[in-house]
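Right, one structure below, let's go through it.
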Amino acid sequence: MPADPVAPPAVTDDDPGGRTVRRLVAVVALIAVLPALYLPGLKHNFFDLKIYMSAMDWWRVGHPLYDYVQPDRVQGELFFTYPPFSALLLWPFGLLRLGVTVTIFTVLTVLAVVLTTRWLVTPVIARHNLPRAFTLTAAVLLVLAVESTRETITFGQINMLLVVLILADLLYAVPQARRWAGVGVGLATALKLFPGIFIVYLLATRRWRAAAVASATAAAATLLAAAIAPSDSWRFWIHELWDNDRVGRTDYAGNQSLFGLLSRFTAPEKPDRLLWLLVVAVVAVYGLRRAVRAARAGDPLTGLTLTGLVGSLASPITWTHHIYWFVPAVVLLADAALSADRPDEARRRWWLGGLALGTAAVIIYGVVTFQEWGVATLRTNNPADFVLQNGYVLLSVLLLATLPVRSRHPEQKSHQMDEAPTSGYRR
């Protein structure tokens, strides 16, 4: 009888050479896509950073800081709107050549993306035994592809500095009860008022000492600015802070807050403030309750992510480059999908994985990068307009309701900077 034919060797996923090639192709593909995503944003030409530097030049020669104004085709007039403490930190950069300042801001933003992405992804890598170098590289490239990052870089914004301060505080210092816990949130709040929502989070989670340190740090930084620039500080806190006309058009699609959503229904008139406050109160109470539950379950990442989303929705102005908090939301959803590994959890795994991919797709495409909204008053006239004009608002509300809350075993109390928390998800 003829001998049985020799079967060809099976091709399996255990081939390390094949895996390496596929990973390399994926990384190269991500790198190749980035220029196409950044190309539309090049028209910004570091516009916000140029306003900062021009305002510093104006201030340096003796003019009142908050008198500085620059025309803009969309917003009409743009002013320097940051607190005086931010001006103190920006002032030295005005002494440099603009190209040097642009380079410094861009490099610092990229480094902040690498650092914060490592903080978010390293625990997931350890928990699921993922390839470290490839996963970190792919994650960093994906975060660089997100619209909020692109807008931060091409406008020359300081958002990633705030993210570093907040994550360092709430992921590490606060859970480990460090003496300096709260300093990062306090500094971020003094630089830009939005991070003050995280002081509310600390109070809601009964982190009394950290909340006190954050409040004291913000107050100390503000008083330092007041001592150096008393008249400008007085003017900001008494007058300019409350002038909504200084911050830009609230109906513009780039404003992805609840106030922006309502403004697009009532434009050119402003929406009813009582209605807005009522909606904000409902969203804030619901979101912060979930954030507190996450914190008490030993899940600081979900807690701070939910809080960041609440802040984005509640702020009267939330530009697209402000909403970093979708990034940790995607990490949480992907982690939860990977953790749903039992046969009876297949539906949950598909739902969480699909939501992670959908969220990533929305925040990479964005709401302003590839759409020209024009300079005219923007109104919502039909359901399609409602969805297109409020993509981030609707996504934020969805994530407030659906982000899974993880729980840890009692013996797994905290993790160091280079250690991964061994938390699991509530089943």
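Starting from 1 in every chain, residues are counted up; chains themselves are A, B, ... following the order of the structure tokens, and ligands are numbered from 1 as listed.
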Among the residues of region 170-364 of chain A, find those DSSP assigns to alpha helix (DSSP H) from the backbone and print them as a compact mmCIF listing (two decimals) with N, CA, C and O atoms, in the first residue's frame.
```txt
# COMPACT_ATOMS: atom_id res chain seq x y z
N VAL A 183 -1.80 67.78 45.52
CA VAL A 183 -1.03 68.89 44.96
C VAL A 183 -1.23 69.00 43.45
O VAL A 183 -1.42 70.10 42.91
N GLY A 184 -1.23 67.86 42.77
CA GLY A 184 -1.40 67.89 41.32
C GLY A 184 -2.74 68.47 40.90
O GLY A 184 -2.81 69.32 40.01
N VAL A 185 -3.81 68.02 41.54
CA VAL A 185 -5.14 68.54 41.22
C VAL A 185 -5.22 70.03 41.56
O VAL A 185 -5.81 70.82 40.81
N GLY A 186 -4.60 70.43 42.67
CA GLY A 186 -4.62 71.85 43.05
C GLY A 186 -3.90 72.72 42.04
O GLY A 186 -4.39 73.79 41.67
N LEU A 187 -2.72 72.29 41.60
CA LEU A 187 -1.99 73.06 40.58
C LEU A 187 -2.77 73.13 39.28
O LEU A 187 -2.83 74.19 38.64
N ALA A 188 -3.35 71.99 38.87
CA ALA A 188 -4.13 71.98 37.63
C ALA A 188 -5.32 72.94 37.73
O ALA A 188 -5.64 73.64 36.76
N THR A 189 -5.95 73.01 38.89
CA THR A 189 -7.08 73.90 39.08
C THR A 189 -6.66 75.37 39.02
O THR A 189 -7.38 76.22 38.48
N ALA A 190 -5.49 75.67 39.56
CA ALA A 190 -4.99 77.05 39.51
C ALA A 190 -4.62 77.46 38.09
O ALA A 190 -4.72 78.63 37.72
N LEU A 191 -4.20 76.48 37.28
CA LEU A 191 -3.82 76.77 35.90
C LEU A 191 -5.03 76.96 35.01
O LEU A 191 -5.04 77.81 34.11
N ILE A 197 -13.31 70.22 39.28
CA ILE A 197 -14.28 69.13 39.44
C ILE A 197 -13.67 67.96 40.19
O ILE A 197 -14.37 67.22 40.88
N PHE A 198 -12.35 67.81 40.10
CA PHE A 198 -11.69 66.69 40.78
C PHE A 198 -11.54 66.96 42.29
O PHE A 198 -11.41 66.02 43.07
N ILE A 199 -11.57 68.23 42.70
CA ILE A 199 -11.64 68.52 44.13
C ILE A 199 -13.01 68.11 44.66
O ILE A 199 -13.13 67.54 45.76
N VAL A 200 -14.05 68.35 43.86
CA VAL A 200 -15.39 67.88 44.24
C VAL A 200 -15.40 66.36 44.37
O VAL A 200 -15.99 65.80 45.30
N TYR A 201 -14.72 65.69 43.45
CA TYR A 201 -14.62 64.22 43.49
C TYR A 201 -13.92 63.76 44.77
O TYR A 201 -14.35 62.80 45.42
N LEU A 202 -12.84 64.44 45.14
CA LEU A 202 -12.13 64.08 46.38
C LEU A 202 -13.03 64.27 47.59
O LEU A 202 -13.02 63.45 48.52
N LEU A 203 -13.80 65.32 47.60
CA LEU A 203 -14.74 65.55 48.71
C LEU A 203 -15.82 64.48 48.73
O LEU A 203 -16.18 63.95 49.79
N ALA A 204 -16.35 64.15 47.54
CA ALA A 204 -17.42 63.16 47.47
C ALA A 204 -16.95 61.78 47.91
O ALA A 204 -17.74 60.98 48.45
N TRP A 208 -10.62 63.57 52.59
CA TRP A 208 -10.63 64.91 53.16
C TRP A 208 -9.26 65.57 53.10
O TRP A 208 -9.16 66.76 52.75
N ARG A 209 -8.21 64.82 53.43
CA ARG A 209 -6.90 65.43 53.45
C ARG A 209 -6.46 65.83 52.05
O ARG A 209 -5.93 66.93 51.84
N ALA A 210 -6.66 64.93 51.09
CA ALA A 210 -6.26 65.24 49.72
C ALA A 210 -7.06 66.43 49.18
O ALA A 210 -6.52 67.29 48.47
N ALA A 211 -8.36 66.49 49.51
CA ALA A 211 -9.18 67.62 49.07
C ALA A 211 -8.68 68.92 49.69
O ALA A 211 -8.64 69.96 49.03
N ALA A 212 -8.29 68.86 50.98
CA ALA A 212 -7.77 70.06 51.64
C ALA A 212 -6.44 70.49 51.03
O ALA A 212 -6.20 71.69 50.81
N VAL A 213 -5.56 69.51 50.73
CA VAL A 213 -4.28 69.84 50.12
C VAL A 213 -4.50 70.44 48.73
O VAL A 213 -3.85 71.42 48.35
N ALA A 214 -5.41 69.86 47.95
CA ALA A 214 -5.70 70.38 46.62
C ALA A 214 -6.23 71.81 46.71
O ALA A 214 -5.80 72.70 45.95
N SER A 215 -7.16 72.04 47.61
CA SER A 215 -7.73 73.38 47.76
C SER A 215 -6.67 74.38 48.22
O SER A 215 -6.60 75.51 47.71
N ALA A 216 -5.83 73.96 49.18
CA ALA A 216 -4.79 74.85 49.68
C ALA A 216 -3.75 75.15 48.60
O ALA A 216 -3.26 76.28 48.48
N THR A 217 -3.43 74.14 47.78
CA THR A 217 -2.46 74.35 46.70
C THR A 217 -3.00 75.32 45.67
O THR A 217 -2.30 76.24 45.22
N ALA A 218 -4.26 75.12 45.27
CA ALA A 218 -4.89 76.04 44.32
C ALA A 218 -4.94 77.46 44.88
O ALA A 218 -4.65 78.44 44.17
N ALA A 219 -5.27 77.58 46.17
CA ALA A 219 -5.35 78.90 46.79
C ALA A 219 -3.97 79.55 46.88
O ALA A 219 -3.81 80.75 46.61
N ALA A 220 -2.95 78.75 47.23
CA ALA A 220 -1.59 79.29 47.35
C ALA A 220 -1.08 79.79 46.00
O ALA A 220 -0.47 80.86 45.91
N ALA A 221 -1.31 79.00 44.94
CA ALA A 221 -0.88 79.41 43.61
C ALA A 221 -1.61 80.68 43.17
O ALA A 221 -1.02 81.59 42.57
N THR A 222 -2.90 80.76 43.49
CA THR A 222 -3.69 81.93 43.13
C THR A 222 -3.22 83.17 43.91
O THR A 222 -3.11 84.27 43.34
N LEU A 223 -2.91 83.00 45.19
CA LEU A 223 -2.42 84.11 46.00
C LEU A 223 -1.04 84.56 45.55
O LEU A 223 -0.72 85.76 45.59
N LEU A 224 -0.21 83.61 45.12
CA LEU A 224 1.11 83.98 44.59
C LEU A 224 0.94 84.87 43.36
O LEU A 224 1.61 85.90 43.23
N ALA A 225 0.03 84.48 42.47
CA ALA A 225 -0.22 85.30 41.29
C ALA A 225 -0.77 86.67 41.68
O ALA A 225 -0.43 87.70 41.08
N ALA A 226 -1.63 86.69 42.71
CA ALA A 226 -2.21 87.96 43.16
C ALA A 226 -1.14 88.89 43.74
O ALA A 226 -1.21 90.11 43.59
N ALA A 227 -0.15 88.30 44.43
CA ALA A 227 0.93 89.11 45.00
C ALA A 227 1.79 89.72 43.91
O ALA A 227 2.28 90.85 44.05
N ILE A 228 1.98 89.00 42.81
CA ILE A 228 2.82 89.49 41.72
C ILE A 228 2.05 90.40 40.78
O ILE A 228 2.59 91.41 40.28
N PRO A 230 -1.42 92.04 41.25
CA PRO A 230 -2.65 92.25 42.02
C PRO A 230 -3.82 92.80 41.19
O PRO A 230 -4.95 92.33 41.32
N SER A 231 -3.57 93.78 40.34
CA SER A 231 -4.68 94.38 39.60
C SER A 231 -5.26 93.41 38.58
O SER A 231 -6.50 93.32 38.43
N ASP A 232 -4.40 92.68 37.88
CA ASP A 232 -4.89 91.70 36.91
C ASP A 232 -5.64 90.56 37.61
O ASP A 232 -6.65 90.07 37.10
N SER A 233 -5.14 90.15 38.78
CA SER A 233 -5.82 89.09 39.53
C SER A 233 -7.18 89.55 39.99
O SER A 233 -8.18 88.82 39.87
N TRP A 234 -7.26 90.76 40.52
CA TRP A 234 -8.55 91.29 40.97
C TRP A 234 -9.54 91.34 39.80
O TRP A 234 -10.69 90.93 39.93
N ARG A 235 -9.05 91.83 38.67
CA ARG A 235 -9.93 91.96 37.52
C ARG A 235 -10.43 90.60 37.04
O ARG A 235 -11.61 90.45 36.70
N PHE A 236 -9.54 89.60 37.02
CA PHE A 236 -9.95 88.27 36.55
C PHE A 236 -11.03 87.68 37.44
O PHE A 236 -12.08 87.24 36.96
N TRP A 237 -10.78 87.65 38.75
CA TRP A 237 -11.69 86.94 39.66
C TRP A 237 -12.99 87.70 39.91
O TRP A 237 -14.02 87.08 40.18
N ILE A 238 -12.96 89.02 39.78
CA ILE A 238 -14.16 89.81 40.06
C ILE A 238 -14.98 90.06 38.80
O ILE A 238 -16.22 90.06 38.85
N LEU A 258 -22.95 70.38 27.59
CA LEU A 258 -24.41 70.45 27.62
C LEU A 258 -24.90 71.85 27.28
O LEU A 258 -25.93 72.02 26.61
N PHE A 259 -24.16 72.88 27.71
CA PHE A 259 -24.55 74.25 27.37
C PHE A 259 -24.42 74.48 25.87
O PHE A 259 -25.25 75.18 25.27
N GLY A 260 -23.40 73.89 25.26
CA GLY A 260 -23.26 73.98 23.81
C GLY A 260 -24.41 73.31 23.10
O GLY A 260 -24.95 73.83 22.11
N LEU A 261 -24.80 72.12 23.57
CA LEU A 261 -25.93 71.40 22.97
C LEU A 261 -27.20 72.26 23.04
O LEU A 261 -27.92 72.40 22.04
N LEU A 262 -27.48 72.83 24.20
CA LEU A 262 -28.68 73.66 24.35
C LEU A 262 -28.57 74.93 23.52
O LEU A 262 -29.57 75.40 22.95
N SER A 263 -27.36 75.50 23.43
CA SER A 263 -27.16 76.73 22.66
C SER A 263 -27.48 76.52 21.18
O SER A 263 -27.95 77.44 20.50
N ARG A 264 -27.20 75.31 20.69
CA ARG A 264 -27.47 75.05 19.27
C ARG A 264 -28.97 74.89 18.98
O ARG A 264 -29.38 74.89 17.83
N PHE A 265 -29.77 74.74 20.02
CA PHE A 265 -31.23 74.75 19.85
C PHE A 265 -31.79 76.17 19.87
O PHE A 265 -32.81 76.45 19.24
N THR A 266 -31.14 77.05 20.62
CA THR A 266 -31.71 78.38 20.84
C THR A 266 -30.97 79.49 20.09
O THR A 266 -31.43 80.64 20.12
N ARG A 273 -30.93 79.57 31.50
CA ARG A 273 -29.91 79.14 32.48
C ARG A 273 -30.48 78.17 33.50
O ARG A 273 -29.77 77.26 33.96
N LEU A 274 -31.72 78.35 33.88
CA LEU A 274 -32.31 77.45 34.86
C LEU A 274 -32.43 76.04 34.30
O LEU A 274 -32.13 75.05 34.99
N LEU A 275 -32.83 75.92 33.03
CA LEU A 275 -32.91 74.62 32.39
C LEU A 275 -31.53 73.98 32.32
O LEU A 275 -31.37 72.78 32.62
N TRP A 276 -30.54 74.77 31.93
CA TRP A 276 -29.17 74.24 31.84
C TRP A 276 -28.69 73.75 33.21
O TRP A 276 -28.14 72.64 33.31
N LEU A 277 -28.90 74.54 34.25
CA LEU A 277 -28.46 74.14 35.59
C LEU A 277 -29.17 72.88 36.05
O LEU A 277 -28.57 72.02 36.72
N LEU A 278 -30.43 72.72 35.70
CA LEU A 278 -31.18 71.53 36.08
C LEU A 278 -30.59 70.30 35.39
O LEU A 278 -30.38 69.26 36.03
N VAL A 279 -30.33 70.41 34.09
CA VAL A 279 -29.74 69.29 33.35
C VAL A 279 -28.36 68.95 33.89
O VAL A 279 -28.02 67.77 34.10
N VAL A 280 -27.56 69.98 34.16
CA VAL A 280 -26.22 69.75 34.71
C VAL A 280 -26.30 69.07 36.06
O VAL A 280 -25.53 68.15 36.36
N ALA A 281 -27.24 69.50 36.90
CA ALA A 281 -27.38 68.90 38.23
C ALA A 281 -27.71 67.41 38.13
O ALA A 281 -27.12 66.59 38.86
N VAL A 282 -28.62 67.05 37.23
CA VAL A 282 -28.99 65.64 37.07
C VAL A 282 -27.79 64.82 36.60
O VAL A 282 -27.49 63.75 37.16
N VAL A 283 -27.10 65.31 35.59
CA VAL A 283 -25.95 64.59 35.05
C VAL A 283 -24.83 64.49 36.08
O VAL A 283 -24.21 63.43 36.25
N ALA A 284 -24.57 65.60 36.79
CA ALA A 284 -23.48 65.61 37.76
C ALA A 284 -23.75 64.66 38.92
O ALA A 284 -22.86 63.91 39.36
N VAL A 285 -24.97 64.68 39.44
CA VAL A 285 -25.30 63.79 40.56
C VAL A 285 -25.17 62.33 40.13
O VAL A 285 -24.57 61.51 40.84
N TYR A 286 -25.72 62.01 38.95
CA TYR A 286 -25.65 60.62 38.48
C TYR A 286 -24.20 60.21 38.23
O TYR A 286 -23.75 59.14 38.69
N GLY A 287 -23.44 61.04 37.50
CA GLY A 287 -22.07 60.68 37.16
C GLY A 287 -21.17 60.59 38.38
O GLY A 287 -20.36 59.67 38.50
N LEU A 288 -21.29 61.55 39.29
CA LEU A 288 -20.44 61.53 40.48
C LEU A 288 -20.81 60.39 41.43
O LEU A 288 -19.93 59.84 42.11
N ARG A 289 -22.07 60.01 41.46
CA ARG A 289 -22.45 58.85 42.28
C ARG A 289 -21.77 57.59 41.76
O ARG A 289 -21.26 56.77 42.54
N ARG A 290 -21.73 57.43 40.44
CA ARG A 290 -21.03 56.27 39.87
C ARG A 290 -19.53 56.38 40.12
O ARG A 290 -18.86 55.37 40.36
N ALA A 291 -19.00 57.59 40.04
CA ALA A 291 -17.57 57.78 40.30
C ALA A 291 -17.21 57.43 41.73
O ALA A 291 -16.19 56.78 42.00
N VAL A 292 -18.06 57.83 42.67
CA VAL A 292 -17.83 57.50 44.09
C VAL A 292 -17.91 56.00 44.29
O VAL A 292 -17.10 55.41 45.02
N ARG A 293 -18.88 55.36 43.66
CA ARG A 293 -18.99 53.90 43.78
C ARG A 293 -17.74 53.21 43.25
O ARG A 293 -17.25 52.24 43.84
N ALA A 294 -17.20 53.72 42.15
CA ALA A 294 -15.98 53.15 41.60
C ALA A 294 -14.81 53.33 42.56
O ALA A 294 -14.03 52.40 42.79
N ALA A 295 -14.69 54.52 43.13
CA ALA A 295 -13.59 54.77 44.06
C ALA A 295 -13.69 53.87 45.28
O ALA A 295 -12.68 53.34 45.76
N ARG A 296 -14.89 53.68 45.79
CA ARG A 296 -15.06 52.83 46.97
C ARG A 296 -14.83 51.36 46.64
O ARG A 296 -14.51 50.57 47.53
N PRO A 300 -9.77 53.61 41.07
CA PRO A 300 -9.59 55.05 40.89
C PRO A 300 -9.66 55.49 39.43
O PRO A 300 -10.08 56.62 39.15
N LEU A 301 -9.24 54.63 38.50
CA LEU A 301 -9.25 55.04 37.09
C LEU A 301 -10.67 55.28 36.59
O LEU A 301 -10.95 56.29 35.93
N THR A 302 -11.59 54.38 36.91
CA THR A 302 -12.98 54.59 36.50
C THR A 302 -13.56 55.81 37.21
O THR A 302 -14.29 56.60 36.60
N GLY A 303 -13.22 55.98 38.48
CA GLY A 303 -13.73 57.13 39.22
C GLY A 303 -13.30 58.45 38.60
O GLY A 303 -14.12 59.35 38.39
N LEU A 304 -12.02 58.58 38.27
CA LEU A 304 -11.56 59.86 37.71
C LEU A 304 -12.04 60.04 36.28
O LEU A 304 -12.26 61.17 35.83
N THR A 305 -12.20 58.93 35.53
CA THR A 305 -12.71 59.04 34.16
C THR A 305 -14.14 59.54 34.15
O THR A 305 -14.50 60.45 33.38
N LEU A 306 -14.98 58.97 35.00
CA LEU A 306 -16.36 59.44 35.11
C LEU A 306 -16.42 60.90 35.55
O LEU A 306 -17.23 61.69 35.03
N THR A 307 -15.55 61.28 36.47
CA THR A 307 -15.51 62.67 36.93
C THR A 307 -15.10 63.61 35.81
O THR A 307 -15.67 64.70 35.65
N GLY A 308 -14.10 63.21 35.03
CA GLY A 308 -13.69 64.04 33.90
C GLY A 308 -14.80 64.23 32.89
O GLY A 308 -14.99 65.33 32.34
N LEU A 309 -15.56 63.17 32.63
CA LEU A 309 -16.70 63.28 31.71
C LEU A 309 -17.77 64.19 32.26
O LEU A 309 -18.38 64.98 31.53
N VAL A 310 -18.04 64.11 33.57
CA VAL A 310 -19.00 65.01 34.21
C VAL A 310 -18.55 66.46 34.04
O VAL A 310 -19.35 67.35 33.69
N GLY A 311 -17.27 66.72 34.29
CA GLY A 311 -16.76 68.07 34.15
C GLY A 311 -16.88 68.60 32.73
O GLY A 311 -17.22 69.77 32.52
N SER A 312 -16.62 67.73 31.75
CA SER A 312 -16.73 68.13 30.35
C SER A 312 -18.17 68.50 30.00
O SER A 312 -18.41 69.46 29.27
N LEU A 313 -19.12 67.75 30.50
CA LEU A 313 -20.52 68.03 30.22
C LEU A 313 -21.01 69.28 30.97
O LEU A 313 -21.81 70.05 30.43
N ALA A 314 -20.54 69.49 32.18
CA ALA A 314 -21.05 70.56 33.03
C ALA A 314 -20.47 71.92 32.70
O ALA A 314 -21.13 72.95 32.90
N PHE A 326 -12.06 60.55 27.16
CA PHE A 326 -12.44 59.40 26.34
C PHE A 326 -11.32 58.37 26.25
O PHE A 326 -11.57 57.19 26.05
N VAL A 327 -10.07 58.82 26.37
CA VAL A 327 -8.93 57.90 26.25
C VAL A 327 -8.93 56.86 27.37
O VAL A 327 -8.91 55.65 27.09
N PRO A 328 -8.95 57.25 28.65
CA PRO A 328 -9.04 56.21 29.69
C PRO A 328 -10.33 55.40 29.60
O PRO A 328 -10.35 54.23 30.00
N ALA A 329 -11.41 56.00 29.06
CA ALA A 329 -12.65 55.23 28.90
C ALA A 329 -12.45 54.08 27.94
O ALA A 329 -12.93 52.96 28.18
N VAL A 330 -11.74 54.30 26.84
CA VAL A 330 -11.46 53.22 25.88
C VAL A 330 -10.61 52.14 26.54
O VAL A 330 -10.84 50.94 26.35
N VAL A 331 -9.62 52.55 27.32
CA VAL A 331 -8.77 51.58 28.03
C VAL A 331 -9.61 50.74 28.98
O VAL A 331 -9.47 49.50 29.04
N LEU A 332 -10.50 51.37 29.72
CA LEU A 332 -11.36 50.64 30.65
C LEU A 332 -12.27 49.65 29.93
O LEU A 332 -12.44 48.51 30.38
N LEU A 333 -12.84 50.07 28.82
CA LEU A 333 -13.74 49.19 28.07
C LEU A 333 -12.97 48.01 27.48
O LEU A 333 -13.45 46.87 27.51
N ALA A 334 -11.78 48.26 26.93
CA ALA A 334 -10.98 47.18 26.37
C ALA A 334 -10.56 46.20 27.46
O ALA A 334 -10.58 44.97 27.26
N ASP A 335 -10.17 46.73 28.61
CA ASP A 335 -9.77 45.88 29.73
C ASP A 335 -10.94 45.01 30.18
O ASP A 335 -10.79 43.81 30.44
N ALA A 336 -12.12 45.62 30.27
CA ALA A 336 -13.29 44.86 30.69
C ALA A 336 -13.65 43.79 29.67
O ALA A 336 -14.05 42.68 30.04
N ALA A 337 -13.52 44.09 28.39
CA ALA A 337 -13.82 43.10 27.35
C ALA A 337 -12.86 41.92 27.44
O ALA A 337 -13.26 40.76 27.31
N LEU A 338 -11.58 42.21 27.67
CA LEU A 338 -10.59 41.13 27.80
C LEU A 338 -10.82 40.31 29.06
O LEU A 338 -10.50 39.12 29.10
N SER A 339 -11.38 40.95 30.09
CA SER A 339 -11.62 40.24 31.35
C SER A 339 -12.84 39.34 31.28
O SER A 339 -12.99 38.43 32.10
N ALA A 346 -19.83 35.84 26.66
CA ALA A 346 -19.54 36.20 25.27
C ALA A 346 -20.29 37.45 24.85
O ALA A 346 -19.72 38.34 24.21
N ARG A 347 -21.57 37.55 25.22
CA ARG A 347 -22.35 38.73 24.83
C ARG A 347 -21.79 40.00 25.47
O ARG A 347 -21.69 41.04 24.82
N ARG A 348 -21.42 39.89 26.74
CA ARG A 348 -20.82 41.04 27.44
C ARG A 348 -19.51 41.45 26.78
O ARG A 348 -19.23 42.64 26.61
N ARG A 349 -18.70 40.45 26.43
CA ARG A 349 -17.41 40.73 25.79
C ARG A 349 -17.60 41.47 24.47
O ARG A 349 -16.91 42.45 24.17
N TRP A 350 -18.55 41.01 23.66
CA TRP A 350 -18.79 41.65 22.38
C TRP A 350 -19.33 43.07 22.56
O TRP A 350 -18.97 43.99 21.81
N TRP A 351 -20.21 43.26 23.54
CA TRP A 351 -20.76 44.59 23.79
C TRP A 351 -19.67 45.57 24.23
O TRP A 351 -19.55 46.67 23.68
N LEU A 352 -18.84 45.15 25.19
CA LEU A 352 -17.79 46.03 25.68
C LEU A 352 -16.73 46.29 24.61
O LEU A 352 -16.27 47.43 24.44
N GLY A 353 -16.34 45.25 23.89
CA GLY A 353 -15.36 45.43 22.83
C GLY A 353 -15.89 46.32 21.72
O GLY A 353 -15.17 47.19 21.20
N GLY A 354 -17.17 46.15 21.35
CA GLY A 354 -17.76 47.00 20.33
C GLY A 354 -17.86 48.45 20.77
O GLY A 354 -17.62 49.36 19.98
N LEU A 355 -18.19 48.67 22.06
CA LEU A 355 -18.26 50.02 22.57
C LEU A 355 -16.88 50.67 22.60
O LEU A 355 -16.74 51.87 22.30
N ALA A 356 -15.85 49.88 22.94
CA ALA A 356 -14.49 50.41 22.92
C ALA A 356 -14.08 50.82 21.51
O ALA A 356 -13.54 51.92 21.29
N LEU A 357 -14.35 49.95 20.53
CA LEU A 357 -13.99 50.27 19.14
C LEU A 357 -14.81 51.45 18.62
O LEU A 357 -14.28 52.32 17.91
N GLY A 358 -16.09 51.47 18.95
CA GLY A 358 -16.94 52.58 18.51
C GLY A 358 -16.49 53.90 19.09
O GLY A 358 -16.44 54.92 18.38
N THR A 359 -16.16 53.91 20.38
CA THR A 359 -15.67 55.13 21.02
C THR A 359 -14.37 55.60 20.38
O THR A 359 -14.20 56.79 20.09
N ALA A 360 -13.46 54.64 20.14
CA ALA A 360 -12.19 54.98 19.50
C ALA A 360 -12.42 55.58 18.11
O ALA A 360 -11.78 56.57 17.73
N ALA A 361 -13.34 55.00 17.36
CA ALA A 361 -13.61 55.50 16.01
C ALA A 361 -14.16 56.92 16.05
O ALA A 361 -13.75 57.78 15.26
N VAL A 362 -15.07 57.19 16.99
CA VAL A 362 -15.67 58.52 17.09
C VAL A 362 -14.63 59.57 17.46
O VAL A 362 -14.56 60.65 16.86
N ILE A 363 -13.78 59.26 18.45
CA ILE A 363 -12.84 60.28 18.91
C ILE A 363 -11.65 60.44 17.98
O ILE A 363 -10.97 61.47 18.02
N ILE A 364 -11.39 59.46 17.13
CA ILE A 364 -10.34 59.63 16.11
C ILE A 364 -10.88 60.47 14.95
O ILE A 364 -10.23 61.42 14.49
```
Do a neighbour search on Leu394 (chain A) at 10 Å with only C-alpha atoms, toss out local chain neighbours closer than 4 positions, and write the hits as a tab-separated table (two decimals) with C-alpha atoms, in the first residue's frame.
```tsv
chain	number	residue	atom	x	y	z
A	256	GLN	CA	-19.09	69.85	23.22
A	257	SER	CA	-20.79	70.61	26.53
A	258	LEU	CA	-24.41	70.45	27.62
A	261	LEU	CA	-25.93	71.40	22.97
A	313	LEU	CA	-20.52	68.03	30.22
A	386	PHE	CA	-28.41	66.82	16.58
A	387	VAL	CA	-26.19	63.76	16.31
A	388	LEU	CA	-23.47	65.34	14.15
A	389	GLN	CA	-23.25	68.54	16.17
A	390	ASN	CA	-23.22	66.85	19.57
A	398	LEU	CA	-23.48	57.05	27.04
A	399	LEU	CA	-20.17	56.36	28.79
A	400	LEU	CA	-21.42	57.82	32.07
```
Quiz item: So which residues touch region 40-55 of chain A within 8 Å, counting only C-alpha atoms, skipping near sequence neighbours fewer than 3 positions away, as a VMD selection string?
Solution: chain A and resid 36 to 37 58 to 59 65 68 70 80 90 to 91 93 to 94 98 102 150 to 151 153 to 157 369 to 370
Take the residues from that selection and put them in a file with C-alpha atoms, as a PDB file, in the first residue's frame.
```pdb
ATOM      1  CA  ALA A  36      -3.579  62.250   7.099  1.00  0.00           C
ATOM      2  CA  LEU A  37      -5.258  62.857  10.459  1.00  0.00           C
ATOM      3  CA  TRP A  58       1.326  92.875  25.568  1.00  0.00           C
ATOM      4  CA  TRP A  59       1.505  92.301  29.329  1.00  0.00           C
ATOM      5  CA  LEU A  65      -3.338  91.416  30.724  1.00  0.00           C
ATOM      6  CA  TYR A  68      -5.540  91.782  25.166  1.00  0.00           C
ATOM      7  CA  GLN A  70      -7.286  89.228  18.918  1.00  0.00           C
ATOM      8  CA  PHE A  80      -6.629  85.843  27.208  1.00  0.00           C
ATOM      9  CA  LEU A  90       3.572  81.302  30.335  1.00  0.00           C
ATOM     10  CA  TRP A  91       5.459  84.573  30.787  1.00  0.00           C
ATOM     11  CA  PHE A  93       8.079  81.452  27.139  1.00  0.00           C
ATOM     12  CA  GLY A  94       7.325  84.886  25.722  1.00  0.00           C
ATOM     13  CA  LEU A  98       8.152  81.539  18.730  1.00  0.00           C
ATOM     14  CA  VAL A 102       6.268  75.801  19.594  1.00  0.00           C
ATOM     15  CA  ARG A 150      -4.377  66.503  17.506  1.00  0.00           C
ATOM     16  CA  GLU A 151      -6.164  69.724  18.443  1.00  0.00           C
ATOM     17  CA  ILE A 153      -0.816  69.874  19.453  1.00  0.00           C
ATOM     18  CA  THR A 154      -1.895  71.930  16.438  1.00  0.00           C
ATOM     19  CA  PHE A 155      -3.425  74.727  18.550  1.00  0.00           C
ATOM     20  CA  GLY A 156      -0.492  74.697  21.016  1.00  0.00           C
ATOM     21  CA  GLN A 157      -2.630  73.993  24.079  1.00  0.00           C
ATOM     22  CA  THR A 369     -11.499  68.023  12.052  1.00  0.00           C
ATOM     23  CA  PHE A 370     -13.200  66.803   8.890  1.00  0.00           C
TER      24      PHE A 370
END
```
Quiz item: Taking only C-alpha atoms into account, which of A:Ala267, A:Val368, A:Ala181, A:Leu378 comes nearest Tyr252 (chain A)?
Solution: A:Leu378
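Proximity to Leu120 (chain A) was assessed for A:Val247, A:Ala384, A:Leu167, A:Val393 counting only C-alpha atoms; the smallest distance is recorded for A:Leu167.
When CA of Val107 (chain A) is paired with CA of Arg246 (chain A), their separation reads 29.5 Å.
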Quiz prompt | Residue contacts of Val375 (chain A) (12 Å, only C-alpha atoms) excluding same-chain residues fewer than 3 positions away, as a ChimeraX atom specification | solution = /A:72-76,248-249,251-254,372,378-379
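With only C-alpha atoms as the atoms that count, the minimum distance from Val146 (chain A) to the choices A:Trp319, A:Gly374, A:Arg19, A:Tyr38 is reached by A:Tyr38.
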